[in-house]
Structure formats: structure tokens, C-alpha cells
file data23.cif (mmCIF, C-alpha atoms)
data_start
#
loop_
_atom_site.label_atom_id
_atom_site.label_comp_id
_atom_site.auth_asym_id
_atom_site.auth_seq_id
_atom_site.Cartn_x
_atom_site.Cartn_y
_atom_site.Cartn_z
CA MET A 1 135.41 151.00 174.18
CA THR A 2 136.24 154.01 176.26
CA PRO A 3 139.02 156.43 175.40
CA ASP A 4 140.98 155.16 178.40
CA ASP A 5 141.10 151.48 177.43
CA GLY A 6 144.38 151.96 175.66
CA GLU A 7 143.95 148.95 173.36
CA PRO A 8 142.36 148.82 169.91
CA ALA A 9 138.99 147.07 169.70
CA GLU A 10 137.95 144.51 167.13
CA ARG A 11 136.62 145.96 163.91
CA SER A 12 134.72 142.98 162.57
CA SER A 13 131.88 144.41 160.52
CA ALA A 14 129.83 147.46 159.73
CA ASP A 15 127.57 146.38 162.62
CA GLY A 16 130.55 146.60 164.92
CA LEU A 17 131.15 150.13 163.78
CA ALA A 18 127.53 151.01 164.40
CA GLU A 19 127.74 149.47 167.85
CA ARG A 20 130.78 151.51 168.70
CA ARG A 21 129.02 154.63 167.46
CA GLY A 22 126.51 154.14 170.24
CA MET A 23 129.25 154.05 172.86
CA ASN A 24 130.94 157.26 171.92
CA VAL A 25 128.86 159.10 169.41
CA GLU A 26 131.07 162.07 168.73
CA VAL A 27 134.67 160.84 168.50
CA TYR A 28 136.11 157.80 166.71
CA GLN A 29 137.74 155.45 169.21
CA PRO A 30 140.84 153.36 168.53
CA ALA A 31 140.29 150.18 166.52
CA GLU A 32 142.53 147.76 164.59
CA ASP A 33 143.25 150.37 161.94
CA SER A 34 144.56 152.69 164.68
CA GLY A 35 146.77 149.89 166.01
CA LEU A 36 148.27 149.22 162.57
CA LEU A 37 149.01 152.88 161.93
CA ALA A 38 150.73 153.28 165.30
CA GLN A 39 152.68 150.07 164.70
CA ALA A 40 153.90 151.28 161.29
CA ALA A 41 155.04 154.62 162.73
CA VAL A 42 156.86 153.05 165.68
CA GLU A 43 158.51 150.32 163.55
CA ARG A 44 159.75 152.99 161.18
CA SER A 45 161.08 155.04 164.14
CA VAL A 46 159.59 158.26 162.81
CA SER A 47 161.50 161.26 164.12
CA GLY A 48 161.53 165.04 163.95
CA THR A 49 158.10 166.66 163.71
CA VAL A 50 155.22 164.28 163.09
CA LEU A 51 151.61 165.23 162.35
CA GLU A 52 148.69 162.86 162.75
CA VAL A 53 145.85 164.14 160.58
CA GLY A 54 142.39 163.27 161.92
CA THR A 55 143.74 162.22 165.29
CA GLY A 56 140.27 161.50 166.74
CA SER A 57 140.69 160.28 170.29
CA GLY A 58 144.44 160.97 170.03
CA TRP A 59 145.36 157.34 170.72
CA VAL A 60 147.70 156.87 167.74
CA ALA A 61 149.44 160.21 168.34
CA GLN A 62 149.94 159.26 171.99
CA GLN A 63 151.40 155.85 171.08
CA VAL A 64 153.84 157.41 168.62
CA ASP A 65 154.79 160.14 171.09
CA GLU A 66 155.51 157.59 173.82
CA ASN A 67 157.39 155.10 171.63
CA THR A 68 159.55 157.29 169.37
CA ASP A 69 161.75 160.36 169.68
CA ALA A 70 159.40 162.37 167.48
CA ARG A 71 157.56 165.50 168.46
CA VAL A 72 153.96 164.59 167.66
CA VAL A 73 151.12 166.98 166.85
CA GLY A 74 147.53 165.89 166.15
CA SER A 75 144.89 167.69 164.11
CA ASP A 76 141.18 167.15 163.68
CA LEU A 77 138.19 168.92 162.16
CA ASN A 78 135.98 167.77 165.04
CA PRO A 79 136.14 170.02 168.14
CA HIS A 80 135.15 167.11 170.41
CA ALA A 81 138.05 165.05 169.05
CA CYS A 82 140.43 167.98 169.58
CA ARG A 83 139.39 168.18 173.23
CA GLN A 84 139.64 164.41 173.75
CA ALA A 85 143.10 164.25 172.18
CA ARG A 86 144.26 167.18 174.29
CA GLU A 87 143.00 165.48 177.46
CA ARG A 88 145.18 162.54 176.44
CA GLY A 89 148.17 164.88 176.40
CA VAL A 90 148.42 165.29 172.62
CA GLU A 91 149.35 168.71 171.27
CA VAL A 92 146.41 169.47 169.00
CA VAL A 93 145.30 171.86 166.24
CA ARG A 94 141.77 172.15 164.85
CA ALA A 95 142.26 172.01 161.11
CA ASN A 96 140.88 170.89 157.77
CA LEU A 97 143.36 168.24 156.57
CA LEU A 98 146.73 169.94 155.90
CA ALA A 99 145.51 173.49 155.23
CA PRO A 100 147.26 175.33 158.12
CA PHE A 101 150.64 173.56 157.95
CA ARG A 102 153.72 175.16 156.47
CA ASP A 103 155.51 173.99 153.37
CA GLY A 104 158.20 171.42 154.16
CA ALA A 105 157.57 171.57 157.93
CA LEU A 106 156.74 167.92 158.67
CA ASP A 107 159.08 164.93 158.79
CA ALA A 108 156.21 162.45 158.85
CA VAL A 109 152.48 162.68 158.29
CA LEU A 110 150.17 159.91 159.56
CA PHE A 111 146.56 159.55 158.41
CA ASN A 112 143.87 156.99 159.18
CA PRO A 113 141.24 158.57 156.96
CA PRO A 114 137.47 158.24 156.97
CA TYR A 115 137.23 155.63 154.26
CA LEU A 116 133.92 153.79 154.28
CA PRO A 117 132.12 154.26 150.97
CA THR A 118 128.76 155.80 151.84
CA ASP A 119 125.56 156.11 149.83
CA PRO A 120 124.80 159.86 149.67
CA ASP A 121 121.16 159.09 150.56
CA ASN A 122 122.29 157.34 153.72
CA GLU A 123 124.70 159.91 155.11
CA TRP A 124 123.83 160.49 158.74
CA ASP A 125 125.34 163.95 159.16
CA ASP A 126 126.99 163.98 162.56
CA TRP A 127 130.58 164.01 163.79
CA MET A 128 130.88 160.23 163.59
CA GLU A 129 129.97 160.38 159.91
CA HIS A 130 132.88 162.77 159.42
CA ALA A 131 135.10 160.21 161.16
CA LEU A 132 133.97 157.20 159.11
CA SER A 133 132.51 158.21 155.77
CA GLY A 134 134.73 158.66 152.75
CA GLY A 135 131.77 159.70 150.60
CA GLU A 136 130.49 157.68 147.67
CA SER A 137 133.96 156.58 146.54
CA GLY A 138 135.41 156.18 150.03
CA ARG A 139 138.20 158.51 148.87
CA GLU A 140 136.68 161.95 149.27
CA LEU A 141 139.26 162.92 151.90
CA ILE A 142 142.08 160.66 150.76
CA ASP A 143 142.31 162.32 147.33
CA PRO A 144 142.70 165.95 148.52
CA PHE A 145 145.08 164.72 151.23
CA LEU A 146 147.29 163.01 148.64
CA ASP A 147 147.20 166.08 146.39
CA ASP A 148 148.48 168.39 149.19
CA VAL A 149 150.69 166.26 151.43
CA GLY A 150 153.80 166.67 149.26
CA ARG A 151 153.67 170.40 150.01
CA VAL A 152 154.05 170.02 153.79
CA LEU A 153 156.55 167.17 153.76
CA ALA A 154 160.20 167.88 154.57
CA PRO A 155 162.92 166.43 152.32
CA ASP A 156 163.23 162.69 153.11
CA GLY A 157 159.86 162.85 154.86
CA VAL A 158 157.40 159.97 154.88
CA VAL A 159 153.62 159.67 154.73
CA LEU A 160 152.00 156.70 156.47
CA LEU A 161 148.47 156.30 155.11
CA LEU A 162 146.01 153.61 156.16
CA VAL A 163 144.02 152.11 153.29
CA SER A 164 141.20 149.56 153.45
CA SER A 165 140.31 147.14 150.68
CA LEU A 166 136.81 148.66 150.99
CA THR A 167 138.22 151.96 149.73
CA GLY A 168 139.92 150.78 146.55
CA TYR A 169 143.56 150.05 147.19
CA ASP A 170 144.67 150.46 143.56
CA ALA A 171 142.99 153.84 143.16
CA VAL A 172 144.80 155.15 146.24
CA VAL A 173 148.17 153.86 145.04
CA GLU A 174 147.60 155.39 141.60
CA ARG A 175 146.69 158.76 143.09
CA ALA A 176 149.81 158.70 145.29
CA GLU A 177 152.03 157.81 142.34
CA ALA A 178 150.43 160.53 140.21
CA ASN A 179 151.53 162.96 142.95
CA GLY A 180 155.14 161.79 142.58
CA PHE A 181 155.34 159.40 145.52
CA THR A 182 157.06 156.05 145.68
CA VAL A 183 154.64 153.66 147.37
CA GLU A 184 155.52 150.68 149.53
CA THR A 185 153.59 148.55 151.99
CA ALA A 186 154.59 149.12 155.61
CA VAL A 187 152.09 146.84 157.37
CA GLN A 188 149.19 144.72 156.12
CA GLU A 189 146.58 142.67 157.95
CA SER A 190 143.50 140.82 156.70
CA TYR A 191 140.23 140.73 158.60
CA PRO A 192 136.94 139.01 157.75
CA PHE A 193 135.47 142.03 155.98
CA GLU A 194 138.49 143.97 154.77
CA THR A 195 142.24 144.03 154.36
CA LEU A 196 143.97 146.96 156.02
CA THR A 197 147.27 148.26 154.67
CA VAL A 198 149.50 151.05 155.87
CA LEU A 199 151.22 152.55 152.83
CA ALA A 200 154.55 154.34 153.23
CA LEU A 201 154.87 157.15 150.67
CA THR A 202 158.23 158.77 150.00
CA GLU A 203 159.28 161.34 147.42
CA MET B 1 149.33 175.22 172.24
CA LYS B 2 153.06 175.48 172.71
CA GLU B 3 154.69 178.53 171.18
CA SER B 4 156.94 176.18 169.19
CA LEU B 5 153.87 175.20 167.16
CA MET B 6 154.40 178.52 165.33
CA ASP B 7 157.24 176.76 163.44
CA ILE B 8 154.83 174.48 161.60
CA ILE B 9 151.55 176.41 161.25
CA CYS B 10 150.46 179.09 158.78
CA CYS B 11 147.30 180.79 157.57
CA PRO B 12 145.08 178.01 156.13
CA MET B 13 143.88 180.29 153.34
CA ASP B 14 146.98 182.01 151.93
CA LYS B 15 149.78 180.05 153.72
CA HIS B 16 151.40 183.23 155.05
CA ASP B 17 152.96 183.59 158.51
CA LEU B 18 150.83 184.08 161.61
CA ASP B 19 151.39 186.48 164.51
CA LEU B 20 150.62 185.18 168.01
CA GLU B 21 148.65 187.38 170.43
CA ILE B 22 148.64 185.87 173.93
CA ASP B 23 145.80 186.54 176.38
CA GLU B 24 146.53 183.77 178.87
CA GLN B 25 149.36 181.26 179.27
CA ASP B 26 150.87 178.91 181.82
CA ASP B 27 154.42 177.59 182.17
CA THR B 28 154.29 175.45 179.04
CA GLU B 29 151.66 176.74 176.66
CA VAL B 30 149.28 179.39 175.42
CA LEU B 31 145.77 178.81 176.74
CA GLU B 32 143.85 181.74 175.28
CA GLY B 33 144.81 184.06 172.46
CA THR B 34 144.60 184.76 168.76
CA LEU B 35 146.62 183.88 165.68
CA VAL B 36 146.56 186.67 163.10
CA CYS B 37 147.59 186.28 159.46
CA THR B 38 150.33 188.75 158.58
CA GLU B 39 149.00 188.93 155.02
CA CYS B 40 145.19 188.79 154.97
CA GLY B 41 144.60 189.80 158.61
CA GLU B 42 142.25 186.88 159.31
CA ARG B 43 142.06 186.10 163.05
CA TYR B 44 142.07 182.53 164.39
CA PRO B 45 141.10 181.96 168.04
CA ILE B 46 143.03 179.88 170.58
CA GLU B 47 140.57 178.56 173.19
CA ASP B 48 141.34 176.18 176.07
CA GLY B 49 144.80 175.66 174.56
CA ILE B 50 143.48 174.57 171.15
CA PRO B 51 144.12 176.80 168.13
CA ASN B 52 141.19 176.80 165.68
CA LEU B 53 142.82 177.10 162.26
CA LEU B 54 139.70 176.39 160.24
CA PRO B 55 138.88 179.00 157.61
CA PRO B 56 136.04 181.29 158.80
CA ASP B 57 133.41 179.55 156.63
CA MET B 58 134.15 176.17 158.29
CA ARG B 59 133.99 177.33 161.89
CA ASP B 60 131.03 176.46 164.10
#

call {"tool": "encode", "arguments": {"input": "data23.cif", "output": "C-alpha cells"}}
result
Amino acid sequence: MTPDDGEPAERSSADGLAERRGMNVEVYQPAEDSGLLAQAAVERSVSGTVLEVGTGSGWVAQQVDENTDARVVGSDLNPHACRQARERGVEVVRANLLAPFRDGALDAVLFNPPYLPTDPDNEWDDWMEHALSGGESGRELIDPFLDDVGRVLAPDGVVLLLVSSLTGYDAVVERAEANGFTVETAVQESYPFETLTVLALTE
Amino acid sequence: MKESLMDIICCPMDKHDLDLEIDEQDDTEVLEGTLVCTECGERYPIEDGIPNLLPPDMRD
């Protein structure tokens, strides 16, 4: 997979992920989860100002920018991802989750989080780990994201969050509901090793 | 970054407004410059068109 392929690759197993790591070791490249998130955003016709958190290669942000009327901004912690997304034409901010975004400024927030549960003894400590690992629970970034995203969302805004069955679907839904969101399923697909769901959260 | 980004960004630490200091720009965007918090005074660099809005302890 190169950043210019334009199409999501198969995510069939952890081995597949490891294989892809070897091809582009610093920035997560689009896979099925990326395709589902872009599909959910385009089907919903997101508009206004849209932020993709953890934009990685920038592929999802680019798809949404090209296929909706929205103004799309991408953010990432990883400086290599920021550069790759910018080369793709995505307006980009280097940021930790939602920290530098204003209250009520965003009409939609998209997030394909790092979600693979990872044994702390096996963390590999590079940029690809940041892109894939959700810590021991798989939810180490999802939880703080859910606790803060209501702050940045405009009235009638929507959050589109990708969740894997590997991450604990119910725990994510419960956390979202505890933060006052109404949760519905936007898109769902099953694969041999996981079921991927894009949740639509509204206030 | 486009100047219109100022509408949606703030200081990542105290959420106050940022001032934009431009060192270099082209027709569409700011290429080099600094974002300065109007409250705490923290300075955030813009390099190669990318604003780095990480708190100081998370920067490289």
C-alpha cells in the first residue's frame, strides 16, 4: 500500500497489519476502517467545518473534502502523518486529540482511533504504535476523546467514531452515553477477525 | 495553514485565543510563523505550513 493508491487495503489479521507496517513504518495507511469512516461521512453529507482527528495519511479527510461541501481539517500527533496529509492537500494541524480546538467550533468530528488492545510488555514504541495501539484496554485514546468531544461540537453537530469488536463495542457505547450522546450505528461491516462499526453520536 | 483556521483553534492548555505572527506566506496560506496565546503567552510554531499546537512538554 502506498499513500497514492487511493483505495483501502484488506485488513485481514494482525499479521496483515504487521506486514503493512513494513511498507510504511511511520504513517498508518488507509485500510477498510478508513473506507468505512469516509463512507459514513459522505453518506451523512457532513457539512460546515469538519475535523478528522488522527488523520494519518489524510486519505479519509481527502475523500470527505472531495465528496461533500464541508471544509475539512485533519489533525495528528505524528509529524510524519501531518506532512503526508498536507502533501495530499489536506489542511492539517499537529495536535493531541481535541486539545487546540475551540468550544462549539466543529460541525462534525471524525475519528478512526488507535484501537488494538496491546500488552504493555509488547508495546513497540514507534509512530506506528501510536497509530494502532489503544493500550491495554484498546480504549486509551477513545475514552479521553469521548470525554472532550462534546466541548468542541457545534449545536446539531455529529461525531463519527469507528469502533472495532476487538476494542469492546459496549464499553465505547456506554462511555458515549455517559457523556450525554445519543448513539446510533451509521455503518457496520464484519470481517474474519473483527466487526467494524461507525457510530454516529449526537447530543 | 489558512488564516481562517484561526476560527477553530485555541491554546491547547488554557483554551484562550491565539494571536497569529506571520513570517512567510503565499497567496493562500501562512507557511512560517508563530501562534501566541493571548492569556499564557505560550508560543506555538508554524513550520512548512503546519501549525504545531502540541503543549510544550509533548513537542519533539

call {"tool": "residues_around", "arguments": {"input": "data23.cif", "residues": "Ile50 (chain B)", "least_positions_apart": "6", "cutoff": "12 Å", "atoms": "only C-alpha atoms", "output": "ChimeraX atom specification"}}
result
/A:73-87,89-95 /B:1-3,5,29-35,44

call {"tool": "closest_residue", "arguments": {"input": "data23.cif", "among": "A:Phe101, A:Tyr28, A:Tyr191, A:Trp59", "to": "chain B", "atoms": "all atoms listed in the file"}}
result
A:Phe101

call {"tool": "resolve_selection", "arguments": {"input": "data23.cif", "expression": "the PyMOL selection byres ((chain A and resi 169-177) around 12)", "output": "VMD selection string"}}
result
chain A and resid 113 115 137 to 150 159 to 168 178 to 185 188 194 to 203

call {"tool": "residues_around", "arguments": {"input": "data23.cif", "residues": "Ala154 (chain A)", "least_positions_apart": "5", "cutoff": "6 Å", "atoms": "all atoms listed in the file", "output": "ChimeraX atom specification"}}
result
/A:104-107

call {"tool": "residues_near_point", "arguments": {"input": "data23.cif", "point": "(152.1, 183.6, 166.1)", "cutoff": "9 Å", "atoms": "all atoms listed in the file", "output": "count of residues only"}}
result
16

call {"tool": "closest_residue", "arguments": {"input": "data23.cif", "among": "A:Ala31, A:Leu116, A:Leu110, A:Leu98", "to": "chain B", "atoms": "only C-alpha atoms"}}
result
A:Leu98

call {"tool": "build_atoms", "arguments": {"input": "data23.cif", "residues": "region 22-42 of chain B", "atoms": "N, CA and C atoms", "output": "JSON list (two decimals), keeping the file's coordinate frame"}}
result
[["chain", "number", "residue", "atom", "x", "y", "z"],
["B", 22, "ILE", "N", 148.90, 186.71, 172.77],
["B", 22, "ILE", "CA", 148.64, 185.87, 173.93],
["B", 22, "ILE", "C", 147.76, 186.60, 174.95],
["B", 23, "ASP", "N", 146.64, 185.99, 175.32],
["B", 23, "ASP", "CA", 145.80, 186.54, 176.38],
["B", 23, "ASP", "C", 146.05, 185.84, 177.71],
["B", 24, "GLU", "N", 146.32, 184.52, 177.64],
["B", 24, "GLU", "CA", 146.53, 183.77, 178.87],
["B", 24, "GLU", "C", 147.47, 182.60, 178.57],
["B", 25, "GLN", "N", 148.46, 182.40, 179.46],
["B", 25, "GLN", "CA", 149.36, 181.26, 179.27],
["B", 25, "GLN", "C", 149.80, 180.71, 180.62],
["B", 26, "ASP", "N", 150.26, 179.45, 180.61],
["B", 26, "ASP", "CA", 150.87, 178.91, 181.82],
["B", 26, "ASP", "C", 152.35, 178.65, 181.53],
["B", 27, "ASP", "N", 152.99, 177.79, 182.32],
["B", 27, "ASP", "CA", 154.42, 177.59, 182.17],
["B", 27, "ASP", "C", 154.80, 176.98, 180.82],
["B", 28, "THR", "N", 153.91, 176.20, 180.24],
["B", 28, "THR", "CA", 154.29, 175.45, 179.04],
["B", 28, "THR", "C", 153.58, 175.88, 177.77],
["B", 29, "GLU", "N", 152.39, 176.49, 177.90],
["B", 29, "GLU", "CA", 151.66, 176.74, 176.66],
["B", 29, "GLU", "C", 150.70, 177.92, 176.75],
["B", 30, "VAL", "N", 150.27, 178.31, 175.55],
["B", 30, "VAL", "CA", 149.28, 179.39, 175.42],
["B", 30, "VAL", "C", 147.89, 178.80, 175.57],
["B", 31, "LEU", "N", 147.10, 179.35, 176.49],
["B", 31, "LEU", "CA", 145.77, 178.81, 176.74],
["B", 31, "LEU", "C", 144.68, 179.59, 176.00],
["B", 32, "GLU", "N", 144.83, 180.90, 175.98],
["B", 32, "GLU", "CA", 143.85, 181.74, 175.28],
["B", 32, "GLU", "C", 144.62, 182.78, 174.47],
["B", 33, "GLY", "N", 144.14, 183.05, 173.28],
["B", 33, "GLY", "CA", 144.81, 184.06, 172.46],
["B", 33, "GLY", "C", 144.28, 184.05, 171.04],
["B", 34, "THR", "N", 145.04, 184.66, 170.14],
["B", 34, "THR", "CA", 144.60, 184.76, 168.76],
["B", 34, "THR", "C", 145.81, 184.63, 167.84],
["B", 35, "LEU", "N", 145.61, 183.94, 166.74],
["B", 35, "LEU", "CA", 146.62, 183.88, 165.68],
["B", 35, "LEU", "C", 146.12, 184.77, 164.55],
["B", 36, "VAL", "N", 146.98, 185.68, 164.10],
["B", 36, "VAL", "CA", 146.56, 186.67, 163.10],
["B", 36, "VAL", "C", 147.45, 186.54, 161.86],
["B", 37, "CYS", "N", 146.82, 186.40, 160.71],
["B", 37, "CYS", "CA", 147.59, 186.28, 159.46],
["B", 37, "CYS", "C", 148.26, 187.61, 159.14],
["B", 38, "THR", "N", 149.56, 187.53, 158.88],
["B", 38, "THR", "CA", 150.33, 188.75, 158.58],
["B", 38, "THR", "C", 150.00, 189.29, 157.19],
["B", 39, "GLU", "N", 149.33, 188.48, 156.37],
["B", 39, "GLU", "CA", 149.00, 188.93, 155.02],
["B", 39, "GLU", "C", 147.55, 189.38, 154.90],
["B", 40, "CYS", "N", 146.61, 188.46, 155.19],
["B", 40, "CYS", "CA", 145.19, 188.79, 154.97],
["B", 40, "CYS", "C", 144.51, 189.34, 156.22],
["B", 41, "GLY", "N", 145.17, 189.23, 157.39],
["B", 41, "GLY", "CA", 144.60, 189.80, 158.61],
["B", 41, "GLY", "C", 143.55, 188.94, 159.28],
["B", 42, "GLU", "N", 143.25, 187.76, 158.70],
["B", 42, "GLU", "CA", 142.25, 186.88, 159.31],
["B", 42, "GLU", "C", 142.70, 186.49, 160.71]]
